[in-house]
file work_3.txt (compact mmCIF, C-alpha atoms and all ligand atoms)
# COMPACT_ATOMS: atom_id res chain seq x y z
CA MET G 1 -11.02 23.53 19.60
CA TYR G 2 -11.88 20.21 17.89
CA THR G 3 -9.41 18.34 15.73
CA ARG G 4 -10.01 17.41 12.13
CA ARG G 5 -8.91 13.85 11.40
CA HIS G 6 -6.76 12.70 8.48
CA SER G 7 -5.75 9.15 7.70
CA ILE G 8 -3.70 7.70 4.87
CA TRP G 9 -6.80 6.19 3.25
CA PRO G 10 -8.44 8.30 0.54
CA THR G 11 -11.83 9.60 1.65
CA LEU G 12 -15.06 9.54 -0.34
CA PRO G 13 -16.76 12.87 -1.10
CA PRO G 14 -20.56 12.75 -0.66
CA ASN G 15 -21.08 14.35 -4.08
CA VAL G 16 -19.50 11.34 -5.81
CA TYR G 17 -23.00 10.11 -6.82
CA LEU G 18 -23.57 13.26 -8.87
CA LYS G 19 -20.31 12.91 -10.77
CA ARG G 20 -20.24 11.65 -14.33
CA SER G 21 -18.39 8.44 -15.05
CA THR G 22 -15.22 8.88 -17.07
CA ASN G 23 -14.22 6.77 -20.06
CA TRP G 24 -10.58 7.02 -19.02
CA ARG G 25 -9.19 3.63 -17.97
CA PRO G 26 -5.59 3.66 -16.73
CA PHE G 27 -3.45 0.52 -16.88
CA PRO G 28 -4.33 -2.29 -16.24
CA LEU G 29 -8.05 -1.47 -16.44
CA ASP G 30 -7.67 -0.72 -20.17
CA GLN G 31 -6.47 -4.26 -20.91
CA THR G 32 -8.81 -7.08 -21.96
CA ARG G 33 -6.61 -9.47 -19.94
CA CYS G 34 -7.30 -7.49 -16.75
CA ARG G 35 -9.27 -9.25 -13.99
CA ILE G 36 -10.62 -7.52 -10.91
CA PHE G 37 -10.98 -9.39 -7.63
CA SER G 38 -12.08 -8.12 -4.25
CA LEU G 39 -8.50 -8.03 -2.92
CA ALA G 40 -5.00 -8.07 -4.40
CA ARG G 41 -4.18 -11.26 -2.46
CA HIS G 42 -6.91 -13.03 -4.48
CA ALA G 43 -5.26 -11.76 -7.67
CA ILE G 44 -1.84 -13.10 -6.55
CA LEU G 45 -3.19 -16.55 -5.71
CA ASN G 46 -5.15 -16.84 -8.97
CA ALA G 47 -2.25 -15.58 -11.10
CA SER G 48 0.12 -18.14 -9.53
CA LYS G 49 -2.28 -20.94 -10.40
CA ALA G 50 -2.95 -19.64 -13.92
CA LEU G 51 0.81 -19.62 -14.55
CA HIS G 52 0.98 -23.24 -13.35
CA LEU G 53 3.10 -22.42 -10.35
CA GLY G 54 2.61 -24.60 -7.31
CA LYS G 55 4.03 -27.44 -5.27
CA GLY G 56 7.81 -27.78 -5.60
CA ASP G 57 8.22 -24.31 -7.14
CA VAL G 58 10.09 -21.55 -5.35
CA ILE G 59 9.56 -17.79 -5.54
CA LEU G 60 12.06 -15.20 -4.25
CA VAL G 61 10.23 -12.60 -2.14
CA PRO G 62 11.50 -9.51 -0.28
CA ALA G 63 11.81 -9.82 3.51
CA TYR G 64 10.20 -6.37 3.60
CA HIS G 65 6.60 -7.24 2.67
CA HIS G 66 3.04 -6.85 3.89
CA GLY G 67 2.43 -10.55 4.64
CA SER G 68 -0.85 -11.16 2.81
CA GLU G 69 0.99 -11.48 -0.54
CA VAL G 70 3.25 -14.13 1.03
CA GLU G 71 0.21 -16.00 2.40
CA ALA G 72 -1.44 -15.95 -1.05
CA LEU G 73 1.71 -17.35 -2.71
CA MET G 74 1.95 -20.07 -0.07
CA GLN G 75 -1.71 -20.99 -0.46
CA ALA G 76 -1.04 -21.41 -4.19
CA GLY G 77 1.49 -24.07 -3.09
CA LEU G 78 4.67 -22.06 -3.72
CA GLN G 79 7.66 -22.17 -1.40
CA VAL G 80 8.86 -18.70 -0.46
CA ILE G 81 12.56 -17.89 -0.10
CA TYR G 82 13.25 -14.42 1.23
CA TYR G 83 15.83 -11.90 0.04
CA GLU G 84 16.95 -8.70 1.80
CA VAL G 85 16.32 -5.33 0.17
CA ASN G 86 19.28 -2.96 -0.39
CA ASP G 87 19.43 0.78 0.38
CA GLU G 88 17.33 1.50 -2.73
CA LEU G 89 14.80 -1.07 -1.40
CA GLU G 90 15.58 -3.13 -4.51
CA PRO G 91 16.81 -6.73 -4.58
CA ASP G 92 20.59 -7.20 -4.70
CA SER G 93 21.38 -9.22 -7.83
CA LYS G 94 24.44 -10.82 -6.17
CA GLU G 95 22.32 -12.06 -3.27
CA LEU G 96 19.59 -13.28 -5.64
CA GLN G 97 22.18 -15.23 -7.60
CA THR G 98 23.14 -17.17 -4.45
CA LEU G 99 19.48 -18.10 -3.88
CA LEU G 100 18.92 -19.56 -7.34
CA SER G 101 18.32 -23.29 -7.82
CA PRO G 102 16.43 -25.31 -10.46
CA ASN G 103 13.29 -25.04 -8.30
CA VAL G 104 13.30 -21.22 -8.33
CA LYS G 105 10.68 -20.21 -10.87
CA ALA G 106 9.88 -16.57 -10.11
CA LEU G 107 11.04 -13.28 -8.62
CA TYR G 108 8.63 -11.06 -6.65
CA ILE G 109 9.28 -7.31 -6.42
CA ILE G 110 7.23 -4.67 -4.57
CA HIS G 111 6.84 -1.06 -5.73
CA TYR G 112 6.98 0.35 -2.20
CA LEU G 113 4.74 3.34 -1.45
CA GLY G 114 4.11 3.91 -5.16
CA PHE G 115 7.83 4.41 -5.93
CA PRO G 116 8.75 2.39 -9.02
CA GLN G 117 11.35 -0.34 -8.75
CA LYS G 118 13.72 -0.84 -11.71
CA ALA G 119 11.19 -3.17 -13.25
CA SER G 120 12.69 -3.19 -16.78
CA PHE G 121 16.04 -4.31 -15.34
CA TRP G 122 14.39 -7.06 -13.28
CA ARG G 123 12.37 -8.26 -16.27
CA GLN G 124 15.56 -8.66 -18.27
CA TRP G 125 17.26 -10.33 -15.31
CA CYS G 126 14.36 -12.82 -15.10
CA ASP G 127 14.28 -13.43 -18.87
CA GLU G 128 18.00 -14.26 -18.87
CA ARG G 129 17.37 -16.91 -16.21
CA GLY G 130 14.04 -18.26 -17.44
CA LEU G 131 12.14 -16.89 -14.42
CA LEU G 132 8.73 -15.25 -14.14
CA LEU G 133 8.50 -11.72 -12.74
CA PHE G 134 5.73 -10.75 -10.29
CA GLU G 135 5.31 -6.99 -9.92
CA ASP G 136 3.42 -6.06 -6.78
CA ALA G 137 1.96 -2.62 -7.47
CA ALA G 138 -0.54 -2.87 -4.56
CA GLN G 139 0.59 0.61 -3.51
CA ALA G 140 1.51 1.83 -6.98
CA PHE G 141 -1.62 2.08 -9.13
CA LEU G 142 -1.03 4.96 -11.65
CA ALA G 143 2.78 4.87 -11.17
CA HIS G 144 5.21 4.62 -14.11
CA HIS G 145 8.75 3.46 -14.75
CA ASN G 146 10.64 4.60 -17.88
CA GLY G 147 7.36 6.04 -19.19
CA GLN G 148 5.49 2.72 -18.94
CA PRO G 149 2.95 1.79 -16.25
CA VAL G 150 4.33 -0.27 -13.39
CA GLY G 151 2.87 -3.75 -13.48
CA SER G 152 3.30 -3.89 -17.27
CA PHE G 153 6.89 -5.20 -17.13
CA GLY G 154 6.22 -8.42 -15.27
CA HIS G 155 4.42 -11.61 -16.22
CA VAL G 156 2.09 -10.64 -13.37
CA GLY G 157 1.08 -7.20 -12.06
CA VAL G 158 -1.25 -6.64 -9.08
CA PHE G 159 -2.85 -3.41 -7.87
CA CYS G 160 -5.04 -2.33 -4.91
CA LEU G 161 -7.56 0.13 -6.39
CA TYR G 162 -9.01 0.99 -2.97
CA LYS G 163 -5.63 2.31 -1.79
CA THR G 164 -5.82 5.07 -4.41
CA TYR G 165 -9.56 5.82 -4.37
CA GLY G 166 -12.14 5.78 -1.53
CA ILE G 167 -13.89 2.61 -2.70
CA PRO G 168 -14.62 -0.45 -0.53
CA ASP G 169 -12.27 -2.91 -2.29
CA GLY G 170 -10.77 -3.90 -5.65
CA GLY G 171 -7.63 -5.90 -6.46
CA ALA G 172 -6.72 -5.66 -10.17
CA LEU G 173 -4.61 -8.24 -11.96
CA ILE G 174 -2.79 -8.30 -15.26
CA SER G 175 -1.18 -11.60 -16.14
CA THR G 176 0.28 -13.17 -19.29
CA ILE G 177 -2.16 -16.03 -18.69
CA PRO G 178 -5.30 -14.49 -17.20
CA PRO G 179 -7.27 -16.63 -14.74
CA ALA G 180 -11.05 -16.98 -14.86
CA ALA G 181 -12.97 -13.95 -13.60
CA PRO G 182 -14.08 -14.26 -9.94
CA GLN G 183 -17.47 -15.86 -9.35
CA GLN G 184 -18.26 -15.24 -5.67
CA ASN G 185 -20.23 -12.07 -5.00
CA SER G 186 -18.62 -9.99 -2.23
CA GLY G 187 -21.77 -7.97 -1.45
CA LYS G 188 -22.72 -4.35 -1.88
CA GLY G 189 -19.92 -2.69 0.11
CA TRP G 190 -22.28 -0.12 1.68
CA TRP G 191 -20.72 -0.25 5.16
CA LYS G 192 -17.24 0.49 3.84
CA VAL G 193 -18.62 3.25 1.63
CA PHE G 194 -20.33 4.77 4.67
CA LYS G 195 -17.04 4.70 6.60
CA ARG G 196 -15.17 6.41 3.77
CA HIS G 197 -17.85 9.14 3.73
CA VAL G 198 -17.51 9.57 7.50
CA ASN G 199 -13.73 9.91 7.02
CA TRP G 200 -14.38 12.66 4.46
CA ILE G 201 -16.57 14.54 6.95
CA ALA G 202 -14.12 13.94 9.83
CA ALA G 203 -11.38 15.52 7.69
CA ARG G 204 -13.50 18.68 7.33
CA ARG G 205 -15.48 19.00 10.56
CA GLY G 206 -13.54 19.07 13.82
CA GLU G 207 -16.53 17.87 15.92
CA ILE G 208 -16.89 14.69 13.83
CA GLY G 209 -13.11 14.31 13.64
CA ALA G 210 -12.83 14.44 17.44
CA ILE G 211 -15.56 11.80 17.93
CA HIS G 212 -13.93 9.62 15.30
CA LEU G 213 -10.51 9.98 16.96
CA LEU G 214 -12.07 8.90 20.26
CA VAL G 215 -14.16 5.97 19.03
CA LYS G 216 -11.89 4.37 16.39
CA PRO G 217 -9.09 3.25 18.78
CA ILE G 218 -11.71 1.60 21.05
CA VAL G 219 -13.19 -0.31 18.09
CA SER G 220 -9.69 -1.23 16.86
CA SER G 221 -8.51 -2.54 20.22
CA PHE G 222 -11.74 -4.56 20.57
CA LYS G 223 -11.03 -6.04 17.13
CA ARG G 224 -7.46 -6.88 18.16
CA MET G 225 -8.79 -8.70 21.25
CA THR G 226 -11.35 -10.74 19.33
CA GLU G 227 -9.42 -11.47 16.13
CA HIS G 228 -6.49 -13.88 16.03
CA THR G 229 -2.94 -12.59 15.48
CA HIS G 230 -2.53 -13.31 11.79
CA LYS G 231 -6.01 -12.20 10.67
CA GLU G 232 -4.50 -9.42 8.53
CA PHE G 233 -2.81 -12.03 6.30
CA GLU G 234 -5.85 -14.25 5.71
CA VAL G 235 -6.71 -14.82 2.06
CA GLY G 236 -10.39 -15.75 2.36
CA ASN G 237 -12.24 -16.90 -0.74
CA PRO G 238 -9.86 -16.21 -3.68
CA SER G 239 -12.73 -16.14 -6.16
CA THR G 240 -14.39 -13.06 -4.65
CA SER G 241 -15.38 -10.28 -7.01
CA PRO G 242 -15.24 -6.59 -6.04
CA SER G 243 -18.30 -5.16 -4.29
CA THR G 244 -21.16 -3.58 -6.22
CA MET G 245 -20.22 -0.12 -4.90
CA THR G 246 -16.63 -0.47 -6.13
CA ILE G 247 -17.84 -1.25 -9.64
CA ARG G 248 -20.31 1.63 -9.49
CA LEU G 249 -18.06 4.29 -7.99
CA LEU G 250 -14.67 3.58 -9.57
CA PRO G 251 -15.54 5.10 -13.00
CA LYS G 252 -16.73 8.24 -11.21
CA LEU G 253 -13.50 8.54 -9.21
CA LEU G 254 -10.83 7.71 -11.79
CA ASN G 255 -9.14 10.98 -12.63
CA LYS G 256 -6.12 11.89 -14.73
CA SER G 257 -5.03 14.40 -12.08
CA THR G 258 -4.82 11.89 -9.19
CA ALA G 259 -1.13 11.05 -9.56
CA ASP G 260 -0.21 14.76 -9.93
CA ARG G 261 -2.26 15.69 -6.83
CA ARG G 262 -0.51 13.02 -4.79
CA ARG G 263 2.88 14.12 -6.10
CA GLU G 264 2.15 17.78 -5.25
CA ASN G 265 1.11 16.81 -1.72
CA TYR G 266 4.22 14.69 -1.34
CA GLU G 267 6.45 17.59 -2.51
CA PHE G 268 4.75 19.93 -0.04
CA LEU G 269 5.41 17.54 2.85
CA LEU G 270 8.97 16.98 1.62
CA SER G 271 9.62 20.74 1.65
CA HIS G 272 8.69 20.88 5.36
CA LEU G 273 9.61 17.46 6.73
CA GLY G 274 12.23 16.32 4.20
CA ASP G 275 14.94 15.72 6.81
CA MET G 276 12.79 13.02 8.45
CA VAL G 277 12.26 11.06 5.26
CA PRO G 278 14.43 7.96 4.81
CA TYR G 279 16.31 7.24 1.60
CA PRO G 280 15.14 6.33 -1.12
CA PHE G 281 11.93 8.26 -0.42
CA SER G 282 13.71 11.58 0.17
CA THR G 283 13.30 12.65 -3.46
CA LEU G 284 10.31 12.02 -5.67
CA PRO G 285 11.37 10.18 -8.84
CA GLU G 286 9.63 10.66 -12.16
CA GLY G 287 6.66 8.35 -12.49
CA ALA G 288 6.07 7.77 -8.75
CA CYS G 289 2.46 7.97 -7.54
CA PRO G 290 2.92 8.15 -3.76
CA PHE G 291 0.62 6.06 -1.60
CA ALA G 292 1.84 7.67 1.65
CA PHE G 293 4.57 9.91 3.04
CA PRO G 294 7.18 8.02 5.10
CA VAL G 295 9.05 9.47 8.08
CA GLU G 296 11.65 7.70 10.15
CA VAL G 297 11.40 8.10 13.92
CA ALA G 298 13.10 6.40 16.87
CA ASP G 299 9.96 5.10 18.56
CA ALA G 300 7.37 4.81 15.80
CA LYS G 301 4.59 3.45 18.04
CA GLU G 302 4.83 6.30 20.52
CA PHE G 303 5.14 8.88 17.77
CA LEU G 304 2.01 7.44 16.19
CA ASN G 305 0.06 7.91 19.43
CA ARG G 306 1.18 11.51 19.78
CA LEU G 307 0.25 12.24 16.16
CA HIS G 308 -3.16 10.67 16.76
CA SER G 309 -4.00 13.19 19.47
CA ARG G 310 -3.31 15.93 16.89
CA GLY G 311 -5.69 14.40 14.34
CA VAL G 312 -3.16 12.61 12.15
CA VAL G 313 -3.67 8.88 11.84
CA GLY G 314 -0.44 7.40 10.53
CA LEU G 315 0.35 3.81 9.77
CA LEU G 316 3.23 1.72 11.01
CA PHE G 317 4.51 0.65 7.68
CA TRP G 318 4.36 -3.10 8.13
CA LEU G 319 5.15 -3.73 11.76
CA ASN G 320 4.38 -7.47 11.50
CA PRO G 321 5.94 -9.61 8.78
CA HIS G 322 4.51 -12.92 7.63
CA PRO G 323 5.08 -15.49 10.43
CA SER G 324 7.31 -17.58 8.12
CA LEU G 325 10.00 -14.85 8.07
CA LEU G 326 13.02 -15.31 10.34
CA VAL G 327 13.14 -11.67 11.35
CA ALA G 328 16.68 -11.73 12.80
CA ASP G 329 18.12 -12.87 9.44
CA PHE G 330 16.95 -9.67 7.71
CA PRO G 331 18.06 -6.72 9.86
CA LYS G 332 17.51 -4.05 7.21
CA SER G 333 13.85 -5.08 6.79
CA ARG G 334 13.43 -5.30 10.58
CA ASP G 335 14.71 -1.72 10.98
CA LEU G 336 12.30 -0.47 8.31
CA ARG G 337 9.40 -2.15 10.10
CA GLU G 338 10.32 -0.65 13.46
CA LYS G 339 11.10 2.90 12.42
CA MET G 340 9.02 3.82 9.42
CA LEU G 341 5.75 5.64 9.80
CA ALA G 342 3.49 6.46 6.84
CA LEU G 343 1.52 9.75 6.75
CA PRO G 344 -1.41 10.84 4.52
CA VAL G 345 -0.68 12.21 1.07
CA HIS G 346 -3.87 11.30 -0.83
CA GLN G 347 -5.56 13.52 -3.43
CA GLU G 348 -8.50 14.63 -1.22
CA LEU G 349 -6.19 16.55 1.16
CA THR G 350 -6.32 20.34 1.01
CA LYS G 351 -3.43 22.74 1.69
CA ALA G 352 -4.90 23.37 5.17
CA ASP G 353 -4.91 19.61 5.84
CA LEU G 354 -1.28 19.33 4.77
CA LYS G 355 -0.36 22.24 7.05
CA GLN G 356 -2.13 20.50 9.94
CA ILE G 357 -0.08 17.35 9.24
CA VAL G 358 3.20 19.29 9.11
CA LYS G 359 2.39 21.13 12.36
CA ALA G 360 1.43 17.88 14.11
CA VAL G 361 4.66 16.15 13.08
CA GLN G 362 6.79 19.13 14.09
CA GLU G 363 5.11 19.35 17.51
CA CYS G 364 5.54 15.61 18.11
CA ARG G 365 9.15 15.92 17.14
CA ILE G 366 9.74 18.67 19.68
CA ASP G 367 7.98 16.48 22.25
CA SER G 368 10.33 13.58 21.46
CA THR G 369 13.43 15.75 21.76
CA ALA G 370 12.19 17.14 25.07
CA ARG G 371 11.64 13.61 26.37
CA VAL G 372 15.11 12.46 25.33
CA ALA G 373 16.59 15.55 27.05
CA THR G 374 14.64 14.80 30.24
CA PHE G 375 15.70 11.16 30.35
CA SER G 376 19.38 11.64 29.44
C1 LIG A 1 2.67 -4.84 -0.96
C2 LIG A 1 1.32 -5.46 -0.79
N1 LIG A 1 0.97 -6.50 -1.53
C3 LIG A 1 -0.23 -7.09 -1.42
C4 LIG A 1 -1.16 -6.63 -0.53
C5 LIG A 1 -2.49 -7.31 -0.42
O1 LIG A 1 -3.51 -6.45 -0.76
P1 LIG A 1 -5.01 -6.82 -0.35
O2 LIG A 1 -5.15 -6.41 1.08
O3 LIG A 1 -5.86 -6.04 -1.29
O4 LIG A 1 -5.14 -8.28 -0.53
C6 LIG A 1 -0.86 -5.54 0.29
C7 LIG A 1 -1.83 -5.03 1.26
O5 LIG A 1 -1.65 -4.07 1.94
C8 LIG A 1 0.41 -4.93 0.15
O6 LIG A 1 0.76 -3.87 0.90

call {"tool": "encode", "arguments": {"input": "work_3.txt", "output": "structure tokens", "more": "lines below"}}
Ligand SMILES: Cc1ncc(COP(=O)(O)O)c(C=O)c1O
result
Amino acid sequence: MYTRRHSIWPTLPPNVYLKRSTNWRPFPLDQTRCRIFSLARHAILNASKALHLGKGDVILVPAYHHGSEVEALMQAGLQVIYYEVNDELEPDSKELQTLLSPNVKALYIIHYLGFPQKASFWRQWCDERGLLLFEDAAQAFLAHHNGQPVGSFGHVGVFCLYKTYGIPDGGALISTIPPAAPQQNSGKGWWKVFKRHVNWIAARRGEIGAIHLLVKPIVSSFKRMTEHTHKEFEVGNPSTSPSTMTIRLLPKLLNKSTADRRRENYEFLLSHLGDMVPYPFSTLPEGACPFAFPVEVADAKEFLNRLHSRGVVGLLFWLNPHPSLLVADFPKSRDLREKMLALPVHQELTKADLKQIVKAVQECRIDSTARVATFS
């Protein structure tokens, strides 16, 4: 019996070319001030410069971050001071207050996994102190807070379009002062499109899924050997436009039902695996558009390997922080990095796929318990 393969990245159906383009443009694509770059890190760097932030200016950034956003801010010349997230994964206003100085010019918040932060509160907090608010909605395209799109509260909002749809790239920016549109062509994007199509087939055909499951780890470990450690944070050319295929396919893929589909999938997984989900992801708040489904496990790396053999390709949700972070000073963020595993929840998954994911997680869990029993 071959295993169908599911990863957290949305796949690309082969019939996409036959679909009609929609006129629907969700925020921020409906705004004239919106700029689209190849990656969100390009958007962050360009927005910082457009807002005249740079040398001597400080931005407060969560210790729980991806790393590429930090690199982009630093390349814009900003100094980053980290804050710890609280149990809600929000900043703690008392801690922030202790970090303030005349050089602090901005606060950076991240809408983790498509769950909205209290952006209206943080906008007011920033306004009262004369600070700029950066809303990182890299994982939260289509999410809302208090009925308004996330990213619309801050002076800057950034979004990764390719995390929601199976396109090669696309980092959207909305900023009170929009930078110039990117000039550097990033190419056609055919290779990435091909890979997203293969992922679609591997999710439906066990034979292809099994080959994919075998080959991908070999390619990935080869990449790890040949690429340097901090490759994942590199900014590259910040003036890179999205690929031709992203521009062509996005209007065919945008769909008003996407957020609802993701929410339904999330609820289904919650109903079966809810006791493994860490707070604050254990209930789905209004307006969230989930990017992935998080579970907390003791040994995330090992759990990931066991899931892989059952066709579920999870993601260690930010194992490596930016190298400038003093990890030991932020224990809550360190714990999140070590224990949190993200599972697929995207809109292309069928009920059968979701059942496969639930079964795989439950079997791995039994495996873990058996191991602990054997070793204790
Ligand atoms: C929270 C967050 N911000 C920014 C980025 C940067 O996005 P990109 O890879 O499109 O530059 C990422 C990437 O995963 C992210 O997770």

call {"tool": "closest_atom_pairs", "arguments": {"input": "work_3.txt", "of": "chain G", "to": "ligand LIG 1 (chain A)", "cutoff": "9 Å", "atoms": "only C-alpha atoms and all ligand atoms", "output": "tab-separated table"}}
result
residue	atom	partner	partner_atom	distance
G:Phe37	CA	A:LIG1	O3	8.8
G:Ser38	CA	A:LIG1	O3	7.2
G:Leu39	CA	A:LIG1	O3	3.7
G:Ala40	CA	A:LIG1	O3	3.8
G:Arg41	CA	A:LIG1	O4	3.7
G:His42	CA	A:LIG1	O4	6.4
G:Ala43	CA	A:LIG1	O4	7.9
G:Ile44	CA	A:LIG1	C3	8.1
G:Tyr64	CA	A:LIG1	C1	8.9
G:His65	CA	A:LIG1	C1	5.9
G:His66	CA	A:LIG1	O6	4.8
G:Gly67	CA	A:LIG1	C6	7.4
G:Ser68	CA	A:LIG1	C5	5.3
G:Glu69	CA	A:LIG1	C3	4.6
G:Val70	CA	A:LIG1	C3	8.2
G:Ala72	CA	A:LIG1	O4	8.5
G:Ile109	CA	A:LIG1	C1	8.9
G:Ile110	CA	A:LIG1	C1	5.8
G:His111	CA	A:LIG1	C1	7.4
G:Tyr112	CA	A:LIG1	C1	6.9
G:Leu113	CA	A:LIG1	C1	8.5
G:Asp136	CA	A:LIG1	N1	5.8
G:Ala137	CA	A:LIG1	C1	6.9
G:Ala138	CA	A:LIG1	C2	4.9
G:Gln139	CA	A:LIG1	O6	6.3
G:Val158	CA	A:LIG1	C3	7.7
G:Phe159	CA	A:LIG1	O3	7.7
G:Cys160	CA	A:LIG1	O3	5.2
G:Leu161	CA	A:LIG1	O3	8.2
G:Tyr162	CA	A:LIG1	O3	7.9
G:Lys163	CA	A:LIG1	O3	8.4
G:Asp169	CA	A:LIG1	O3	7.2
G:Gly170	CA	A:LIG1	O3	6.9
G:Gly171	CA	A:LIG1	O3	5.5
G:Ala172	CA	A:LIG1	O3	8.9
G:Glu232	CA	A:LIG1	O2	8.1
G:Phe233	CA	A:LIG1	O2	8.0
G:Glu234	CA	A:LIG1	O4	8.7
G:Val235	CA	A:LIG1	O4	7.2
G:Phe317	CA	A:LIG1	O6	9.0
G:Trp318	CA	A:LIG1	O6	8.1

call {"tool": "residues_around", "arguments": {"input": "work_3.txt", "residues": "Leu99 in chain G", "least_positions_apart": "5", "cutoff": "12 Å", "atoms": "all atoms listed in the file", "output": "PyMOL selection string"}}
result
chain G and resi 58-61+80-84+91-94+104-107

call {"tool": "residues_near_point", "arguments": {"input": "work_3.txt", "point": "(-10.2, -19.1, -3.9)", "cutoff": "9 Å", "atoms": "only C-alpha atoms", "output": "list in words"}}
result
His42, Leu45, Asn46, Pro182, Val235, Gly236, Asn237, Pro238, Ser239 and Thr240 of chain G

call {"tool": "residues_around", "arguments": {"input": "work_3.txt", "residues": "range 206-212 of chain G", "least_positions_apart": "2", "cutoff": "7 Å", "atoms": "only C-alpha atoms", "output": "PDB file with C-alpha atoms, in the frame of the given file"}}
result
ATOM      1  CA  TYR G   2     -11.880  20.210  17.890  1.00  0.00           C
ATOM      2  CA  THR G   3      -9.410  18.340  15.730  1.00  0.00           C
ATOM      3  CA  ARG G   4     -10.010  17.410  12.130  1.00  0.00           C
ATOM      4  CA  ARG G   5      -8.910  13.850  11.400  1.00  0.00           C
ATOM      5  CA  ILE G 201     -16.570  14.540   6.950  1.00  0.00           C
ATOM      6  CA  ALA G 202     -14.120  13.940   9.830  1.00  0.00           C
ATOM      7  CA  ALA G 203     -11.380  15.520   7.690  1.00  0.00           C
ATOM      8  CA  ARG G 204     -13.500  18.680   7.330  1.00  0.00           C
ATOM      9  CA  LEU G 214     -12.070   8.900  20.260  1.00  0.00           C
ATOM     10  CA  VAL G 215     -14.160   5.970  19.030  1.00  0.00           C
ATOM     11  CA  LYS G 216     -11.890   4.370  16.390  1.00  0.00           C
TER      12      LYS G 216
END

call {"tool": "atom_distance", "arguments": {"input": "work_3.txt", "atom1": "CA of Arg310 in chain G", "atom2": "CA of Val297 in chain G"}}
result
16.9 Å

call {"tool": "closest_residue", "arguments": {"input": "work_3.txt", "among": "G:Arg20, G:His322, G:His197, G:Arg205", "to": "Met1 in chain G", "atoms": "all atoms listed in the file"}}
result
G:Arg205
